[in-house]
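Participant: Pasting in a structure now, in structure tokens, and then I'll have a few things to ask.
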Amino acid sequence: MRLKNKVALITGGTSGIGWATVELFAAEGAKVAFTGRRVELGESLAKQIGGKFIAADHRRLEDCERSIKETLAAFGRIDILFNNAGIVVGGRAESVSEEDWNETLLLNVTGVWRMSKLVLPILRAQGGGVIVNNASDWGLVGGPEAAAYCASKGAVVLLTKAMALDHARENIRINAVCPGDTFVKRWEEKGYFQDAGSMEEKLAKMGDALPMGRVGNANEIARAVLFLACDDASFVTGVALAVDGGNTAG
């Protein structure tokens with residue numbers, strides 16, 4: 001029960017890493033509010049954990065503001081913010097469209113900044129708190145065919161470090177988790193495995209490229225987020241924690 005009596009707000013909680021973190025935080029004793037665009041799934045998960053689902057698109061300022069207000073209305077405070085909502089868009093710098101570039105930066109960077117900006121005064125008034133941002137190992141070292149995504153996640157890493165320095169004396173810890181290749185069910189839903197070869201074969205091929213020889217899973221990332229969010233990490237701030245099977249080690 002490492003989060004007993006804590007209130008957590010998790011963005012993008014209706015799939016993948018967000019979903020796994022919602023479940024884990026609730027199991028660890030937190031009161032959990034979470035956002036997402038998949039209303040039916042969100043309401044089902046909220047009922048399952050006894051939490052609060054908020055339909056929101058974090059590309060919109062008004063949705064960011066409303067998610068904070070509804071969390072406070074439901075639980076009276078916010079102790080932990082996990083900025084998880086984000087998108088992945090492929091393409092090199094010369095091939096990515098203006099629309100995809102702008103949408104990626106708007107959600108992956110501006111959404112993180114807005115949510116942090118809105119919650120920081122609340123954490124300060126309460127005497128402290130935690131922000132965890134979901135970045136990526138490709139925000140640390142870059143990767144091919146993902147110029148907009150890498151740019152956005154690199155920005156999240158340095159935004160995290162800058163905010164951590166700005167608020168360290170206010171008992172507000174701010175860190176980033178940097179997942180590597182992590183299997184989530186949305187991969188199947190989006191048709192990533194529709195061409196030749198089975199899903200297992202493709203995952204095995206992806207895993208072969210990593211030092212540990214396999215891809216990660218959402219629960220492994222959620223446990224890293226839990227560490228950064230709880231008092232086990234009480235002397236940790238400004239860190240970009242790679243959870244990537246060793247991808248950034250070399």
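Going by the structure tokens order, chains are called A, B, ..., each with residues numbered from 1, while ligands are numbered from 1 in the order shown.
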Applying 7 Å and only C-alpha atoms, which residues near segment 18-25 of chain A remain after dropping the ones on its own chain fewer than 2 positions away? List them as a VMD selection string.
Facilitator: chain A and resid 3 10 12 to 16 27 to 30 32 49 84 218 to 219 222
Participant: Based on the backbone DSSP call, show me all residues of segment 14-198 of chain A assigned helix (DSSP H, G or I), as a PyMOL selection string.
Facilitator: chain A and resi 16-27+39-49+61-75+98-126+137-139+147-170+186-189
Participant: With only C-alpha atoms as the basis for distance, which of A:Ala162, A:Val88, A:Met212, A:Leu72 is at the shortest distance from Val119 of chain A?
Facilitator: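 Closest to Val119 of chain A of all the choices is A:Leu72.
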Participant: For Gly91 of chain A, work out the shell of residues within 8 Å, counting only C-alpha atoms and skipping chain neighbours fewer than 6 positions away, then give it as a PyMOL selection string.
Facilitator: chain A and resi 145-148
Participant: Find the residue from A:Leu81, A:Glu103, A:Leu123, A:Ile131 that sits nearest to Ala164 of chain A; use only C-alpha atoms when measuring.
Facilitator: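 Nearest to Ala164 of chain A: A:Ile131.
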Participant: So, with only C-alpha atoms as the atoms that count, which of A:Lys52, A:Arg60, A:His167, A:Lys161 lies closest to Leu120 of chain A?
Facilitator: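 Counting only C-alpha atoms, the residue closest to Leu120 of chain A is A:His167.
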Participant: Show me, as JSON, numbers by chain, the residues that have an atom within 9 Å of segment 174-185 of chain A when counting only C-alpha atoms, minus same-chain residues fewer than 4 positions from it.
Facilitator: {"A": [15, 16, 17, 129, 130, 131, 132, 133, 134, 135, 136, 137, 138, 139, 140, 153, 156, 157, 160, 161, 163, 164, 165, 167, 168, 189, 190, 203, 206, 207, 210, 214, 215, 216, 217, 218, 220, 221, 224, 225, 228, 229, 236, 237, 238, 239, 240, 241, 242, 243, 244, 245, 246, 247, 248]}
Participant: For Leu41 of chain A, list every protein, DNA or RNA residue within 12 Å, evaluated using only C-alpha atoms, and leave out those in the same chain fewer than 3 positions away; present the list as a JSON list (two decimals) with N, CA and C atoms, in the first residue's frame.
Facilitator:
```json
[["chain", "number", "residue", "atom", "x", "y", "z"],
["A", 12, "GLY", "N", -4.44, 9.77, -20.09],
["A", 12, "GLY", "CA", -4.31, 8.67, -21.04],
["A", 12, "GLY", "C", -4.40, 7.32, -20.36],
["A", 13, "GLY", "N", -5.41, 7.14, -19.51],
["A", 13, "GLY", "CA", -5.49, 5.94, -18.70],
["A", 13, "GLY", "C", -6.36, 4.83, -19.25],
["A", 14, "THR", "N", -6.83, 4.95, -20.48],
["A", 14, "THR", "CA", -7.75, 3.94, -21.01],
["A", 14, "THR", "C", -7.08, 2.89, -21.90],
["A", 15, "SER", "N", -5.76, 2.87, -21.91],
["A", 15, "SER", "CA", -5.08, 1.82, -22.67],
["A", 15, "SER", "C", -3.61, 1.75, -22.22],
["A", 19, "TRP", "N", -3.39, 2.43, -18.55],
["A", 19, "TRP", "CA", -4.31, 1.47, -17.94],
["A", 19, "TRP", "C", -3.60, 0.68, -16.85],
["A", 34, "PHE", "N", -8.53, 9.36, -13.67],
["A", 34, "PHE", "CA", -7.77, 9.19, -14.90],
["A", 34, "PHE", "C", -8.59, 9.68, -16.08],
["A", 35, "THR", "N", -7.87, 10.08, -17.12],
["A", 35, "THR", "CA", -8.51, 10.64, -18.29],
["A", 35, "THR", "C", -8.32, 9.73, -19.50],
["A", 36, "GLY", "N", -9.09, 10.00, -20.52],
["A", 36, "GLY", "CA", -8.96, 9.27, -21.77],
["A", 36, "GLY", "C", -10.07, 9.66, -22.72],
["A", 37, "ARG", "N", -9.96, 9.18, -23.95],
["A", 37, "ARG", "CA", -10.97, 9.47, -24.97],
["A", 37, "ARG", "C", -11.87, 8.28, -25.25],
["A", 38, "ARG", "N", -11.57, 7.13, -24.65],
["A", 38, "ARG", "CA", -12.36, 5.92, -24.87],
["A", 38, "ARG", "C", -13.33, 5.78, -23.69],
["A", 44, "SER", "N", -15.75, 1.67, -17.48],
["A", 44, "SER", "CA", -15.63, 0.30, -16.99],
["A", 44, "SER", "C", -14.47, 0.16, -16.01],
["A", 45, "LEU", "N", -13.32, 0.75, -16.35],
["A", 45, "LEU", "CA", -12.15, 0.66, -15.48],
["A", 45, "LEU", "C", -12.40, 1.42, -14.18],
["A", 46, "ALA", "N", -13.04, 2.57, -14.27],
["A", 46, "ALA", "CA", -13.33, 3.35, -13.06],
["A", 46, "ALA", "C", -14.20, 2.56, -12.10],
["A", 47, "LYS", "N", -15.19, 1.86, -12.64],
["A", 47, "LYS", "CA", -16.06, 1.03, -11.80],
["A", 47, "LYS", "C", -15.26, -0.10, -11.16],
["A", 48, "GLN", "N", -14.34, -0.67, -11.93],
["A", 48, "GLN", "CA", -13.54, -1.79, -11.45],
["A", 48, "GLN", "C", -12.67, -1.40, -10.26],
["A", 53, "PHE", "N", -13.32, 8.42, -13.70],
["A", 53, "PHE", "CA", -12.93, 8.59, -15.10],
["A", 53, "PHE", "C", -13.39, 9.94, -15.59],
["A", 54, "ILE", "N", -12.50, 10.61, -16.34],
["A", 54, "ILE", "CA", -12.79, 11.92, -16.89],
["A", 54, "ILE", "C", -12.51, 11.87, -18.39],
["A", 55, "ALA", "N", -13.54, 12.02, -19.20],
["A", 55, "ALA", "CA", -13.35, 12.04, -20.65],
["A", 55, "ALA", "C", -12.63, 13.34, -21.02]]
```
Participant: Taking the backbone alone, and naming residues the way the document does, which bits of segment 55-145 of chain A are strand (DSSP E or B) by DSSP, as a list in words?
Facilitator: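 Written out, the strand (DSSP E or B) residues of segment 55-145 of chain A are Ala55, Ile80, Leu81, Phe82, Asn83, Gly91, Gly129, Val130, Ile131, Val132, Asn133 and Asn134 of chain A.
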Participant: What separation in Å, quoted to one decimal, exists between atom CA of Lys117 of chain A and atom CA of Leu61 of chain A?
Facilitator: 11.3 Å
Participant: Using only C-alpha atoms, determine which residues lie at most 12 Å from segment 104-106 of chain A, disregarding the query and same-chain residues fewer than 5 positions distant; provide the list as a ChimeraX atom specification.
Facilitator: /A:57-61,85-91,96-99,111-114,146-156
Participant: Selection from above, N, CA and C atoms, as a tab-separated table (two decimals), in the first residue's frame, can you write it?
Facilitator:
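And here's again03.tsv as it stands now:
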```
chain	number	residue	atom	x	y	z
A	57	ASP	N	-9.45	15.20	-23.83
A	57	ASP	CA	-8.45	15.22	-24.89
A	57	ASP	C	-7.44	16.30	-24.51
A	58	HIS	N	-6.25	15.90	-24.18
A	58	HIS	CA	-5.27	16.83	-23.63
A	58	HIS	C	-4.60	17.72	-24.67
A	59	ARG	N	-5.10	17.69	-25.88
A	59	ARG	CA	-4.73	18.71	-26.86
A	59	ARG	C	-5.51	19.99	-26.61
A	60	ARG	N	-6.56	19.92	-25.79
A	60	ARG	CA	-7.43	21.06	-25.53
A	60	ARG	C	-7.18	21.61	-24.13
A	61	LEU	N	-6.93	22.90	-24.04
A	61	LEU	CA	-6.70	23.53	-22.75
A	61	LEU	C	-7.89	23.33	-21.82
A	85	ALA	N	-0.57	10.68	-21.35
A	85	ALA	CA	-1.22	10.78	-22.66
A	85	ALA	C	-0.23	11.20	-23.73
A	86	GLY	N	-0.27	10.52	-24.85
A	86	GLY	CA	0.64	10.86	-25.95
A	86	GLY	C	0.32	10.05	-27.19
A	87	ILE	N	0.94	10.43	-28.30
A	87	ILE	CA	0.75	9.72	-29.56
A	87	ILE	C	2.11	9.43	-30.19
A	88	VAL	N	2.11	8.43	-31.05
A	88	VAL	CA	3.31	8.06	-31.81
A	88	VAL	C	3.00	8.27	-33.29
A	89	VAL	N	3.80	9.09	-33.95
A	89	VAL	CA	3.67	9.33	-35.39
A	89	VAL	C	5.02	9.03	-36.04
A	90	GLY	N	5.01	8.20	-37.06
A	90	GLY	CA	6.24	7.86	-37.76
A	90	GLY	C	6.59	8.87	-38.84
A	91	GLY	N	7.77	8.69	-39.41
A	91	GLY	CA	8.19	9.53	-40.53
A	91	GLY	C	9.44	10.32	-40.26
A	96	VAL	N	7.25	13.81	-42.60
A	96	VAL	CA	6.16	14.03	-41.66
A	96	VAL	C	5.37	15.27	-42.06
A	97	SER	N	4.06	15.19	-41.98
A	97	SER	CA	3.23	16.31	-42.41
A	97	SER	C	3.19	17.41	-41.36
A	98	GLU	N	2.82	18.60	-41.77
A	98	GLU	CA	2.65	19.71	-40.83
A	98	GLU	C	1.62	19.34	-39.76
A	99	GLU	N	0.54	18.71	-40.20
A	99	GLU	CA	-0.52	18.34	-39.26
A	99	GLU	C	-0.02	17.35	-38.21
A	111	GLY	N	0.68	19.41	-23.91
A	111	GLY	CA	-0.22	18.79	-22.95
A	111	GLY	C	0.45	18.52	-21.62
A	112	VAL	N	1.70	18.05	-21.66
A	112	VAL	CA	2.46	17.81	-20.43
A	112	VAL	C	2.73	19.11	-19.70
A	113	TRP	N	3.13	20.13	-20.44
A	113	TRP	CA	3.40	21.44	-19.84
A	113	TRP	C	2.14	22.03	-19.21
A	114	ARG	N	1.01	21.97	-19.95
A	114	ARG	CA	-0.23	22.54	-19.42
A	114	ARG	C	-0.67	21.85	-18.13
A	146	ALA	N	11.10	8.53	-37.01
A	146	ALA	CA	10.19	9.03	-35.96
A	146	ALA	C	10.62	10.41	-35.51
A	147	ALA	N	10.82	11.31	-36.45
A	147	ALA	CA	11.39	12.63	-36.14
A	147	ALA	C	10.52	13.42	-35.17
A	148	ALA	N	9.22	13.48	-35.44
A	148	ALA	CA	8.33	14.26	-34.57
A	148	ALA	C	8.24	13.64	-33.18
A	149	TYR	N	8.12	12.33	-33.13
A	149	TYR	CA	8.01	11.63	-31.84
A	149	TYR	C	9.28	11.84	-31.02
A	150	CYS	N	10.44	11.66	-31.64
A	150	CYS	CA	11.71	11.83	-30.91
A	150	CYS	C	11.87	13.27	-30.42
A	151	ALA	N	11.51	14.22	-31.28
A	151	ALA	CA	11.61	15.62	-30.87
A	151	ALA	C	10.71	15.90	-29.67
A	152	SER	N	9.50	15.35	-29.69
A	152	SER	CA	8.57	15.60	-28.59
A	152	SER	C	9.05	14.96	-27.29
A	153	LYS	N	9.54	13.75	-27.37
A	153	LYS	CA	9.95	13.06	-26.15
A	153	LYS	C	11.27	13.61	-25.61
A	154	GLY	N	12.14	14.07	-26.50
A	154	GLY	CA	13.34	14.77	-26.03
A	154	GLY	C	12.97	16.04	-25.29
A	155	ALA	N	11.96	16.74	-25.79
A	155	ALA	CA	11.48	17.94	-25.11
A	155	ALA	C	10.91	17.61	-23.74
A	156	VAL	N	10.19	16.49	-23.62
A	156	VAL	CA	9.64	16.09	-22.33
A	156	VAL	C	10.75	15.82	-21.33
```
